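J.: This is the structure I have questions about; it appears just below.
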Amino acid sequence: MANDPPSVRLHGYPVSNWFNFVRAAMIEKGLGGDFVPARMARDPAFLANSAMGKIPWLETPHGGLAESVPILEYLEDIAPERPLLPPDPYERAKVRQIVNVVQLYIEAPMRELYPAVFMGGDREEAPVASSLDMVGRAFTALDQLCGFAPFARGNALTAADLALFYTLELGERVSRHMTGRSLFEGRPQLAEWDKMVRSRESTGIVLTDFASAFADYRAEKGAAWDEARYQKERFAHA
Ligand SMILES: N[C@@H](CCC(=O)N[C@@H](CS)C(=O)NCC(=O)O)C(=O)O
């Protein structure tokens with residue numbers, strides 16, 4: 001019988017898409033959905049576990065580990081039974097490539113727009129054109145890299161699905177707020193994929209906690225974002 005994986009605990013906050021990515025991965029891998037609530041911080045005790053002061057970070061028997069991609073890889077190593085990376089080396093690398101595209105070319109530019117949408121920031125100062133230009137290039141890359149048949153890459157859920165799903169959760173709100181357009185417009189396969197990932201048990205757990213934490217967050221920040229309208233417009237016909 002395989003040894004039990006070492007005991008780990010995830011620290012973070014359910015508004016963060018990277019926290020939600022890792023939490024969903026842990027649930028999918030049978031490592032549980034419990035977490036230790038934590039916000040980003042810069043004090044020495046926090047930095048000792050998360051060197052850049054970011055969430056999520058993972059508490060392991062050896063010490064803290066931060067950055068969602070290495071966390072995911074560590075979870076793969078300690079709990080390989082329910083993998084989120086394919087066994088074939090090339091396919092594993094392609095999944096990692098998709099995660100990179102999501103991180104660098106969708107999430108990072110979208111994040112530049114978060115202040116104006118979710119944090120009470122000034123809309124005029126948001127770099128809308130440059131951010132959305134990069135996101136457009138990334139969507140063209142995804143057309144090449146992802147089959148969405150039915151999963152992002154192949155016929156099993158991988159880290160690519162989770163990274164993309166939780167990034168688009170916030171990205172779709174940003175796109176609608178800034179441009180009035182949906183990222184899913186003209187992309188029926190992506191919309192079907194989104195519905196499929198949304199129906200998973202892990203997604204239900206993660207998004208339930210997201211909804212309440214996000215409401216508190218918006219109130220705290222004086223966000224411009226109208227969540228009730230979004231829910232009605234996006235899911236009224238679902
Ligand atoms: N590259 C990091 C990004 C994590 C990240 O951006 N976390 C945000 C919350 S979603 C954060 O902690 N921000 C604090 C800061 O930037 O100081 C990862 O993959 O985990």
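Chain identifiers are assigned as A, B, and so on, following the order in which chains appear in the structure tokens; residues are numbered from 1 within each chain, and ligands are numbered from 1 in order of appearance.
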Throw together the list of residues within 12 Å of ligand 1, counting only C-alpha atoms and all ligand atoms, and drop it here as an MDAnalysis selection string.
T.: chainID A and resid 10:23 38:43 46:47 50:58 65:73 99:100 102:104 107:112 114 163 166:167 170
J.: List the neighbours of Pro5 (chain A) out to 12 Å using only C-alpha atoms; skip same-chain residues closer than 4 positions along the sequence, and give me the result as a PyMOL selection string.
T.: chain A and resi 26+29-31+60-61+74-81
J.: With a distance cut-off of 9 Å and only C-alpha atoms, select the neighbouring residues of region 217-220 of chain A, excluding the residue or stretch itself and same-chain residues fewer than 4 positions from it, and output the selection as a PyMOL selection string.
T.: chain A and resi 15+118-120+212-213+224-225
J.: Might you pull out every residue within 8 Å of region 135-148 of chain A, with only C-alpha atoms counted and same-chain residues fewer than 5 positions away left off, and present them as a compact mmCIF listing (two decimals) with N, CA and C atoms, in the first residue's frame?
T.:
# COMPACT_ATOMS: atom_id res chain seq x y z
N LYS A 94 3.31 20.44 -22.24
CA LYS A 94 2.30 21.28 -22.90
C LYS A 94 1.32 21.84 -21.86
N ILE A 98 0.61 25.79 -21.06
CA ILE A 98 -0.69 26.48 -20.95
C ILE A 98 -0.77 27.25 -19.62
N VAL A 101 1.15 30.39 -20.02
CA VAL A 101 0.43 31.38 -20.84
C VAL A 101 -0.65 32.05 -19.99
N VAL A 102 -1.37 31.23 -19.21
CA VAL A 102 -2.43 31.78 -18.36
C VAL A 102 -1.83 32.76 -17.34
N TYR A 105 0.30 35.83 -19.46
CA TYR A 105 -0.28 36.60 -20.56
C TYR A 105 -1.80 36.79 -20.45
N ILE A 106 -2.42 36.15 -19.46
CA ILE A 106 -3.84 36.46 -19.20
C ILE A 106 -3.95 37.07 -17.80
N PRO A 109 -1.68 40.56 -17.10
CA PRO A 109 -2.24 41.80 -17.65
C PRO A 109 -3.63 42.14 -17.10
N MET A 110 -4.47 41.11 -16.88
CA MET A 110 -5.79 41.36 -16.30
C MET A 110 -5.64 42.00 -14.92
N ARG A 153 -6.65 20.23 -22.23
CA ARG A 153 -5.67 19.45 -22.99
C ARG A 153 -5.98 17.98 -22.73
N GLY A 154 -6.64 17.34 -23.66
CA GLY A 154 -6.89 15.90 -23.54
C GLY A 154 -8.20 15.58 -22.86
N GLN A 189 -16.83 26.61 -27.63
CA GLN A 189 -16.15 25.47 -26.98
C GLN A 189 -15.65 25.85 -25.60
N LEU A 190 -15.12 27.07 -25.51
CA LEU A 190 -14.63 27.56 -24.22
C LEU A 190 -15.80 27.70 -23.24
N TRP A 193 -16.74 24.25 -22.05
CA TRP A 193 -15.70 23.81 -21.12
C TRP A 193 -15.92 24.47 -19.75
J.: Counting only C-alpha atoms, what are the residues of region 5-119 of chain A within 8 Å of region 124-127 of chain A, and for each of them which pair of atoms is the nearest and at what distance in Å, to one decimal? Sort the table by chain and rising number, as a tab-separated table.
T.:
residue	atom	partner	partner_atom	distance
A:Glu112	CA	A:Pro127	CA	6.9
A:Leu113	CA	A:Ala126	CA	5.7
A:Pro115	CA	A:Ala126	CA	7.9
A:Ala116	CA	A:Ala126	CA	6.5
J.: Take the selection from the previous step and output its residues with C-alpha atoms, as a PDB file, in the first residue's frame.
T.:
ATOM      1  CA  GLU A 112      -3.346  45.494 -13.981  1.00  0.00           C
ATOM      2  CA  LEU A 113      -7.063  46.243 -14.344  1.00  0.00           C
ATOM      3  CA  PRO A 115      -7.710  48.128  -9.088  1.00  0.00           C
ATOM      4  CA  ALA A 116     -10.270  49.929 -11.272  1.00  0.00           C
TER       5      ALA A 116
END
J.: A:Arg229, A:Arg181, A:Arg96, A:Arg187: which is nearest Asp161 (chain A), counting only C-alpha atoms?
T.: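 Among the listed residues, A:Arg96 lies closest to Asp161 (chain A).
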J.: Between CA of Gly222 (chain A) and CA of Val36 (chain A), measure the distance and give it in Å to one decimal.
T.: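 Those two atoms sit 25.6 Å apart.
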J.: From the set A:Tyr230, A:Phe35, A:Phe165, A:Phe184, which residue has the shortest atom-to-atom contact distance to Leu207 (chain A), counting only C-alpha atoms?
T.: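 Among the listed residues, A:Phe165 lies closest to Leu207 (chain A).
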J.: Would you list, as a compact mmCIF listing (two decimals) with N, CA, C and O atoms, in the first residue's frame, the residues of region 41-211 of chain A that end up in helix (DSSP H, G or I) under DSSP run on this structure's backbone?
T.:
# COMPACT_ATOMS: atom_id res chain seq x y z
N PRO A 44 8.26 39.73 8.87
CA PRO A 44 9.27 38.67 8.74
C PRO A 44 8.70 37.26 8.91
O PRO A 44 9.13 36.34 8.19
N ALA A 45 7.75 37.10 9.81
CA ALA A 45 7.20 35.74 10.03
C ALA A 45 6.49 35.25 8.76
O ALA A 45 6.65 34.09 8.35
N PHE A 46 5.75 36.15 8.10
CA PHE A 46 5.05 35.75 6.88
C PHE A 46 6.04 35.48 5.75
O PHE A 46 5.96 34.48 5.04
N LEU A 47 7.03 36.40 5.63
CA LEU A 47 8.02 36.25 4.55
C LEU A 47 8.86 34.98 4.71
O LEU A 47 9.36 34.43 3.72
N ALA A 48 8.99 34.50 5.93
CA ALA A 48 9.75 33.26 6.15
C ALA A 48 9.08 32.09 5.45
O ALA A 48 9.75 31.13 5.02
N ASN A 49 7.75 32.18 5.29
CA ASN A 49 7.01 31.10 4.62
C ASN A 49 6.70 31.41 3.17
O ASN A 49 6.57 30.50 2.35
N SER A 68 2.14 29.32 -6.75
CA SER A 68 1.16 28.26 -7.00
C SER A 68 1.69 27.13 -7.91
O SER A 68 1.34 25.97 -7.69
N VAL A 69 2.54 27.46 -8.88
CA VAL A 69 3.00 26.40 -9.79
C VAL A 69 3.93 25.40 -9.06
O VAL A 69 3.70 24.19 -9.12
N PRO A 70 4.98 25.88 -8.37
CA PRO A 70 5.76 24.91 -7.59
C PRO A 70 4.96 24.20 -6.50
O PRO A 70 5.23 23.03 -6.20
N ILE A 71 3.96 24.89 -5.94
CA ILE A 71 3.11 24.20 -4.95
C ILE A 71 2.41 23.03 -5.64
O ILE A 71 2.38 21.90 -5.14
N LEU A 72 1.83 23.31 -6.82
CA LEU A 72 1.13 22.26 -7.57
C LEU A 72 2.08 21.10 -7.88
O LEU A 72 1.72 19.92 -7.70
N GLU A 73 3.31 21.43 -8.28
CA GLU A 73 4.27 20.36 -8.63
C GLU A 73 4.64 19.54 -7.39
O GLU A 73 4.80 18.32 -7.45
N TYR A 74 4.78 20.22 -6.26
CA TYR A 74 5.06 19.51 -5.01
C TYR A 74 3.90 18.57 -4.66
O TYR A 74 4.11 17.41 -4.30
N LEU A 75 2.68 19.07 -4.82
CA LEU A 75 1.51 18.22 -4.53
C LEU A 75 1.49 17.01 -5.46
O LEU A 75 1.12 15.90 -5.05
N GLU A 76 1.89 17.21 -6.72
CA GLU A 76 1.96 16.09 -7.66
C GLU A 76 2.97 15.05 -7.16
O GLU A 76 2.74 13.85 -7.25
N ASP A 77 4.11 15.54 -6.63
CA ASP A 77 5.15 14.62 -6.17
C ASP A 77 4.72 13.85 -4.93
O ASP A 77 5.02 12.67 -4.79
N ILE A 78 4.03 14.54 -4.00
CA ILE A 78 3.69 13.84 -2.75
C ILE A 78 2.40 13.04 -2.87
O ILE A 78 2.16 12.13 -2.09
N PRO A 89 5.76 12.85 -21.11
CA PRO A 89 6.59 14.05 -20.87
C PRO A 89 6.22 15.25 -21.74
O PRO A 89 6.19 16.39 -21.27
N TYR A 90 5.92 14.98 -23.02
CA TYR A 90 5.58 16.11 -23.90
C TYR A 90 4.25 16.73 -23.47
O TYR A 90 4.10 17.95 -23.37
N GLU A 91 3.28 15.85 -23.17
CA GLU A 91 1.97 16.36 -22.76
C GLU A 91 2.06 17.11 -21.43
O GLU A 91 1.40 18.12 -21.21
N ARG A 92 2.91 16.60 -20.52
CA ARG A 92 3.12 17.31 -19.24
C ARG A 92 3.64 18.71 -19.50
O ARG A 92 3.19 19.69 -18.91
N ALA A 93 4.61 18.78 -20.43
CA ALA A 93 5.20 20.08 -20.75
C ALA A 93 4.18 21.00 -21.41
O ALA A 93 4.18 22.22 -21.18
N LYS A 94 3.31 20.44 -22.24
CA LYS A 94 2.30 21.28 -22.90
C LYS A 94 1.32 21.84 -21.86
O LYS A 94 0.89 22.98 -21.95
N VAL A 95 0.96 21.00 -20.87
CA VAL A 95 0.08 21.51 -19.80
C VAL A 95 0.78 22.64 -19.06
O VAL A 95 0.19 23.69 -18.78
N ARG A 96 2.06 22.46 -18.77
CA ARG A 96 2.81 23.53 -18.09
C ARG A 96 2.88 24.78 -18.97
O ARG A 96 2.84 25.90 -18.48
N GLN A 97 3.00 24.57 -20.28
CA GLN A 97 3.03 25.72 -21.20
C GLN A 97 1.72 26.51 -21.10
O GLN A 97 1.72 27.75 -21.05
N ILE A 98 0.61 25.79 -21.06
CA ILE A 98 -0.69 26.48 -20.95
C ILE A 98 -0.77 27.25 -19.62
O ILE A 98 -1.20 28.41 -19.59
N VAL A 99 -0.32 26.61 -18.55
CA VAL A 99 -0.34 27.30 -17.25
C VAL A 99 0.50 28.58 -17.31
O VAL A 99 0.10 29.64 -16.82
N ASN A 100 1.66 28.51 -17.97
CA ASN A 100 2.51 29.70 -18.14
C ASN A 100 1.79 30.79 -18.92
O ASN A 100 1.85 31.97 -18.57
N VAL A 101 1.15 30.39 -20.02
CA VAL A 101 0.43 31.38 -20.84
C VAL A 101 -0.65 32.05 -19.99
O VAL A 101 -0.82 33.28 -20.01
N VAL A 102 -1.37 31.23 -19.21
CA VAL A 102 -2.43 31.78 -18.36
C VAL A 102 -1.83 32.76 -17.34
O VAL A 102 -2.32 33.88 -17.16
N GLN A 103 -0.74 32.34 -16.69
CA GLN A 103 -0.16 33.18 -15.64
C GLN A 103 0.38 34.49 -16.17
O GLN A 103 0.13 35.55 -15.62
N LEU A 104 1.18 34.38 -17.25
CA LEU A 104 1.94 35.54 -17.71
C LEU A 104 1.16 36.44 -18.65
O LEU A 104 1.36 37.65 -18.65
N TYR A 105 0.30 35.83 -19.46
CA TYR A 105 -0.28 36.60 -20.56
C TYR A 105 -1.80 36.79 -20.45
O TYR A 105 -2.39 37.46 -21.29
N ILE A 106 -2.42 36.15 -19.46
CA ILE A 106 -3.84 36.46 -19.20
C ILE A 106 -3.95 37.07 -17.80
O ILE A 106 -4.40 38.19 -17.64
N GLU A 107 -3.51 36.31 -16.80
CA GLU A 107 -3.73 36.79 -15.44
C GLU A 107 -2.95 38.06 -15.14
O GLU A 107 -3.50 39.02 -14.58
N ALA A 108 -1.66 38.08 -15.49
CA ALA A 108 -0.84 39.27 -15.13
C ALA A 108 -1.38 40.55 -15.78
O ALA A 108 -1.57 41.55 -15.09
N PRO A 109 -1.68 40.56 -17.10
CA PRO A 109 -2.24 41.80 -17.65
C PRO A 109 -3.63 42.14 -17.10
O PRO A 109 -3.95 43.31 -16.88
N MET A 110 -4.47 41.11 -16.88
CA MET A 110 -5.79 41.36 -16.30
C MET A 110 -5.64 42.00 -14.92
O MET A 110 -6.43 42.86 -14.52
N ARG A 111 -4.65 41.54 -14.17
CA ARG A 111 -4.42 42.03 -12.80
C ARG A 111 -4.16 43.55 -12.79
O ARG A 111 -4.50 44.22 -11.83
N TYR A 114 -7.40 45.12 -12.21
CA TYR A 114 -8.16 44.83 -10.97
C TYR A 114 -8.44 46.08 -10.14
O TYR A 114 -9.55 46.23 -9.62
N PRO A 115 -7.44 46.99 -9.97
CA PRO A 115 -7.71 48.13 -9.09
C PRO A 115 -8.96 48.91 -9.50
O PRO A 115 -9.77 49.28 -8.65
N ALA A 116 -9.12 49.14 -10.81
CA ALA A 116 -10.27 49.93 -11.27
C ALA A 116 -11.59 49.18 -11.11
O ALA A 116 -12.65 49.79 -11.00
N VAL A 117 -11.54 47.86 -11.11
CA VAL A 117 -12.79 47.08 -11.07
C VAL A 117 -13.14 46.67 -9.63
O VAL A 117 -14.27 46.82 -9.19
N PHE A 118 -12.12 46.17 -8.92
CA PHE A 118 -12.41 45.53 -7.63
C PHE A 118 -11.88 46.30 -6.42
O PHE A 118 -12.15 45.91 -5.29
N ARG A 123 -10.52 54.41 -13.00
CA ARG A 123 -10.68 53.76 -14.30
C ARG A 123 -9.82 54.40 -15.38
O ARG A 123 -9.28 53.73 -16.25
N GLU A 124 -9.68 55.71 -15.31
CA GLU A 124 -8.91 56.44 -16.34
C GLU A 124 -7.45 56.01 -16.36
O GLU A 124 -6.78 56.11 -17.38
N GLU A 125 -6.95 55.55 -15.22
CA GLU A 125 -5.53 55.20 -15.16
C GLU A 125 -5.26 53.74 -15.51
O GLU A 125 -4.12 53.29 -15.53
N VAL A 128 -6.01 49.69 -20.11
CA VAL A 128 -6.97 48.76 -20.72
C VAL A 128 -6.47 48.21 -22.06
O VAL A 128 -6.45 47.00 -22.28
N ALA A 129 -6.02 49.11 -22.94
CA ALA A 129 -5.68 48.67 -24.30
C ALA A 129 -4.51 47.69 -24.28
O ALA A 129 -4.57 46.62 -24.90
N SER A 130 -3.43 48.02 -23.55
CA SER A 130 -2.25 47.14 -23.56
C SER A 130 -2.57 45.80 -22.89
O SER A 130 -2.13 44.74 -23.33
N SER A 131 -3.35 45.85 -21.80
CA SER A 131 -3.69 44.59 -21.11
C SER A 131 -4.51 43.68 -22.02
O SER A 131 -4.21 42.49 -22.17
N LEU A 132 -5.54 44.26 -22.62
CA LEU A 132 -6.42 43.42 -23.43
C LEU A 132 -5.77 42.97 -24.73
O LEU A 132 -6.10 41.91 -25.26
N ASP A 133 -4.80 43.74 -25.20
CA ASP A 133 -4.05 43.31 -26.39
C ASP A 133 -3.28 42.02 -26.07
O ASP A 133 -3.31 41.05 -26.83
N MET A 134 -2.62 42.00 -24.90
CA MET A 134 -1.87 40.80 -24.51
C MET A 134 -2.82 39.62 -24.28
O MET A 134 -2.55 38.48 -24.68
N VAL A 135 -3.95 39.90 -23.65
CA VAL A 135 -4.93 38.83 -23.41
C VAL A 135 -5.42 38.27 -24.75
O VAL A 135 -5.58 37.05 -24.90
N GLY A 136 -5.62 39.13 -25.72
CA GLY A 136 -6.05 38.68 -27.06
C GLY A 136 -5.01 37.74 -27.67
O GLY A 136 -5.36 36.69 -28.24
N ARG A 137 -3.74 38.11 -27.54
CA ARG A 137 -2.68 37.22 -28.06
C ARG A 137 -2.70 35.88 -27.34
O ARG A 137 -2.49 34.81 -27.93
N ALA A 138 -2.94 35.93 -26.03
CA ALA A 138 -2.96 34.68 -25.25
C ALA A 138 -4.13 33.80 -25.66
O ALA A 138 -4.00 32.56 -25.73
N PHE A 139 -5.27 34.40 -25.97
CA PHE A 139 -6.41 33.59 -26.41
C PHE A 139 -6.10 32.93 -27.76
O PHE A 139 -6.50 31.79 -28.01
N THR A 140 -5.38 33.63 -28.63
CA THR A 140 -4.97 33.02 -29.89
C THR A 140 -4.04 31.83 -29.61
O THR A 140 -4.13 30.77 -30.25
N ALA A 141 -3.15 32.00 -28.64
CA ALA A 141 -2.26 30.89 -28.25
C ALA A 141 -3.08 29.72 -27.70
O ALA A 141 -2.80 28.54 -28.03
N LEU A 142 -4.09 30.01 -26.90
CA LEU A 142 -4.91 28.92 -26.35
C LEU A 142 -5.64 28.17 -27.46
O LEU A 142 -5.83 26.94 -27.36
N ASP A 143 -6.04 28.89 -28.51
CA ASP A 143 -6.69 28.21 -29.65
C ASP A 143 -5.77 27.12 -30.20
O ASP A 143 -6.21 26.07 -30.65
N GLN A 144 -4.47 27.41 -30.20
CA GLN A 144 -3.50 26.44 -30.72
C GLN A 144 -3.21 25.33 -29.69
O GLN A 144 -3.06 24.17 -30.05
N LEU A 145 -3.14 25.70 -28.41
CA LEU A 145 -2.65 24.77 -27.39
C LEU A 145 -3.74 23.89 -26.78
O LEU A 145 -3.44 22.80 -26.26
N ALA A 159 -3.87 20.56 -14.49
CA ALA A 159 -3.59 21.87 -13.91
C ALA A 159 -3.96 23.00 -14.87
O ALA A 159 -4.31 24.10 -14.44
N ALA A 160 -3.90 22.73 -16.18
CA ALA A 160 -4.25 23.76 -17.17
C ALA A 160 -5.70 24.19 -17.01
O ALA A 160 -6.02 25.38 -17.08
N ASP A 161 -6.60 23.22 -16.78
CA ASP A 161 -8.02 23.56 -16.61
C ASP A 161 -8.21 24.45 -15.38
O ASP A 161 -8.94 25.44 -15.43
N LEU A 162 -7.55 24.09 -14.30
CA LEU A 162 -7.77 24.82 -13.05
C LEU A 162 -7.18 26.22 -13.13
O LEU A 162 -7.80 27.19 -12.69
N ALA A 163 -5.98 26.34 -13.69
CA ALA A 163 -5.36 27.67 -13.80
C ALA A 163 -6.23 28.58 -14.67
O ALA A 163 -6.50 29.73 -14.32
N LEU A 164 -6.69 28.03 -15.80
CA LEU A 164 -7.49 28.83 -16.72
C LEU A 164 -8.84 29.19 -16.11
O LEU A 164 -9.28 30.34 -16.17
N PHE A 165 -9.49 28.21 -15.50
CA PHE A 165 -10.83 28.45 -14.96
C PHE A 165 -10.82 29.56 -13.91
O PHE A 165 -11.61 30.50 -13.98
N TYR A 166 -9.91 29.46 -12.94
CA TYR A 166 -9.93 30.45 -11.85
C TYR A 166 -9.43 31.81 -12.30
O TYR A 166 -9.82 32.84 -11.74
N THR A 167 -8.60 31.83 -13.32
CA THR A 167 -8.17 33.12 -13.89
C THR A 167 -9.33 33.76 -14.65
O THR A 167 -9.58 34.97 -14.52
N LEU A 168 -10.07 32.96 -15.42
CA LEU A 168 -11.20 33.53 -16.17
C LEU A 168 -12.34 33.95 -15.26
O LEU A 168 -13.12 34.86 -15.61
N GLU A 169 -12.47 33.32 -14.10
CA GLU A 169 -13.52 33.73 -13.16
C GLU A 169 -13.41 35.22 -12.88
O GLU A 169 -14.41 35.93 -12.92
N LEU A 170 -12.20 35.69 -12.58
CA LEU A 170 -12.02 37.13 -12.34
C LEU A 170 -11.90 37.88 -13.66
O LEU A 170 -12.44 38.98 -13.82
N GLY A 171 -11.20 37.28 -14.62
CA GLY A 171 -10.97 37.95 -15.91
C GLY A 171 -12.27 38.28 -16.64
O GLY A 171 -12.38 39.33 -17.28
N GLU A 172 -13.24 37.40 -16.55
CA GLU A 172 -14.53 37.65 -17.20
C GLU A 172 -15.21 38.88 -16.60
O GLU A 172 -15.78 39.71 -17.32
N ARG A 173 -15.11 39.02 -15.29
CA ARG A 173 -15.68 40.20 -14.64
C ARG A 173 -14.96 41.47 -15.12
O ARG A 173 -15.59 42.48 -15.41
N VAL A 174 -13.64 41.38 -15.19
CA VAL A 174 -12.85 42.54 -15.63
C VAL A 174 -13.23 42.92 -17.07
O VAL A 174 -13.46 44.10 -17.37
N SER A 175 -13.30 41.93 -17.94
CA SER A 175 -13.61 42.19 -19.34
C SER A 175 -14.98 42.85 -19.48
O SER A 175 -15.14 43.86 -20.18
N ARG A 176 -15.98 42.30 -18.80
CA ARG A 176 -17.33 42.87 -18.90
C ARG A 176 -17.36 44.30 -18.37
O ARG A 176 -18.02 45.18 -18.93
N HIS A 177 -16.65 44.52 -17.26
CA HIS A 177 -16.68 45.85 -16.66
C HIS A 177 -15.99 46.87 -17.55
O HIS A 177 -16.47 47.99 -17.73
N MET A 178 -14.85 46.49 -18.10
CA MET A 178 -14.04 47.46 -18.85
C MET A 178 -14.48 47.63 -20.29
O MET A 178 -14.29 48.70 -20.87
N THR A 179 -15.04 46.58 -20.90
CA THR A 179 -15.35 46.65 -22.33
C THR A 179 -16.81 46.34 -22.64
O THR A 179 -17.24 46.49 -23.78
N PRO A 188 -17.70 29.18 -28.40
CA PRO A 188 -18.65 28.23 -27.83
C PRO A 188 -17.99 27.05 -27.11
O PRO A 188 -18.49 26.58 -26.08
N GLN A 189 -16.83 26.61 -27.63
CA GLN A 189 -16.15 25.47 -26.98
C GLN A 189 -15.65 25.85 -25.60
O GLN A 189 -15.72 25.07 -24.65
N LEU A 190 -15.12 27.07 -25.51
CA LEU A 190 -14.63 27.56 -24.22
C LEU A 190 -15.80 27.70 -23.24
O LEU A 190 -15.67 27.36 -22.06
N ALA A 191 -16.95 28.16 -23.75
CA ALA A 191 -18.13 28.32 -22.89
C ALA A 191 -18.61 26.96 -22.39
O ALA A 191 -18.99 26.81 -21.21
N GLU A 192 -18.60 25.93 -23.25
CA GLU A 192 -19.00 24.58 -22.85
C GLU A 192 -18.03 24.03 -21.80
O GLU A 192 -18.43 23.41 -20.82
N TRP A 193 -16.74 24.25 -22.05
CA TRP A 193 -15.70 23.81 -21.12
C TRP A 193 -15.92 24.47 -19.75
O TRP A 193 -15.83 23.82 -18.71
N ASP A 194 -16.22 25.77 -19.77
CA ASP A 194 -16.44 26.51 -18.53
C ASP A 194 -17.60 25.89 -17.74
O ASP A 194 -17.51 25.69 -16.53
N LYS A 195 -18.68 25.56 -18.44
CA LYS A 195 -19.84 24.94 -17.77
C LYS A 195 -19.44 23.62 -17.15
O LYS A 195 -19.86 23.28 -16.04
N MET A 196 -18.64 22.84 -17.89
CA MET A 196 -18.24 21.52 -17.40
C MET A 196 -17.37 21.64 -16.14
O MET A 196 -17.60 20.95 -15.15
N VAL A 197 -16.40 22.54 -16.16
CA VAL A 197 -15.52 22.69 -14.99
C VAL A 197 -16.33 23.24 -13.81
O VAL A 197 -16.16 22.82 -12.66
N ARG A 198 -17.26 24.16 -14.13
CA ARG A 198 -18.11 24.78 -13.10
C ARG A 198 -18.96 23.73 -12.37
O ARG A 198 -19.34 23.91 -11.22
N GLU A 201 -17.48 19.05 -8.35
CA GLU A 201 -17.68 19.22 -6.90
C GLU A 201 -16.64 20.19 -6.33
O GLU A 201 -16.97 21.07 -5.52
N SER A 202 -15.40 20.05 -6.76
CA SER A 202 -14.34 20.93 -6.22
C SER A 202 -14.67 22.39 -6.53
O SER A 202 -14.47 23.28 -5.69
N THR A 203 -15.20 22.65 -7.73
CA THR A 203 -15.51 24.02 -8.13
C THR A 203 -16.61 24.59 -7.23
O THR A 203 -16.54 25.75 -6.80
N GLY A 204 -17.63 23.75 -6.94
CA GLY A 204 -18.73 24.19 -6.07
C GLY A 204 -18.20 24.62 -4.71
O GLY A 204 -18.58 25.68 -4.18
N ILE A 205 -17.30 23.83 -4.14
CA ILE A 205 -16.74 24.14 -2.82
C ILE A 205 -15.97 25.47 -2.88
O ILE A 205 -16.15 26.37 -2.06
N VAL A 206 -15.10 25.58 -3.88
CA VAL A 206 -14.23 26.76 -3.97
C VAL A 206 -15.05 28.02 -4.26
O VAL A 206 -14.83 29.07 -3.64
N LEU A 207 -16.01 27.91 -5.17
CA LEU A 207 -16.76 29.13 -5.54
C LEU A 207 -17.74 29.57 -4.46
O LEU A 207 -18.07 30.76 -4.36
N THR A 208 -18.21 28.63 -3.65
CA THR A 208 -19.08 29.03 -2.53
C THR A 208 -18.31 29.93 -1.57
O THR A 208 -18.79 30.99 -1.14
N ASP A 209 -17.09 29.54 -1.24
CA ASP A 209 -16.28 30.38 -0.34
C ASP A 209 -15.84 31.67 -1.03
O ASP A 209 -15.73 32.71 -0.39
N PHE A 210 -15.60 31.57 -2.35
CA PHE A 210 -15.24 32.79 -3.10
C PHE A 210 -16.36 33.82 -2.97
O PHE A 210 -16.10 35.00 -2.71
N ALA A 211 -17.63 33.36 -3.14
CA ALA A 211 -18.75 34.31 -3.19
C ALA A 211 -18.82 35.13 -1.91
O ALA A 211 -18.96 36.37 -1.96
J.: What is the CA of Thr158 (chain A) to CA of Leu85 (chain A) distance in Å?
T.: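 Going from CA of Thr158 (chain A) over to CA of Leu85 (chain A) covers 5.5 Å.
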J.: So how far away is CA of Leu157 (chain A) from CA of Phe235 (chain A), in Å?
T.: 23.5 Å
J.: Enumerate as a count of residues only all residues of region 1-162 of chain A assigned to strand (DSSP E or B) by DSSP on the backbone, naming them with the chain letters and numbers the document uses.
T.: 15
J.: When distances are computed from only C-alpha atoms, which of A:Ala24, A:Leu84, A:Val8, A:Ala156 shows the smallest separation from Gly64 (chain A)?
T.: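 When distances to Gly64 (chain A) are compared using only C-alpha atoms, the smallest one comes from A:Val8.
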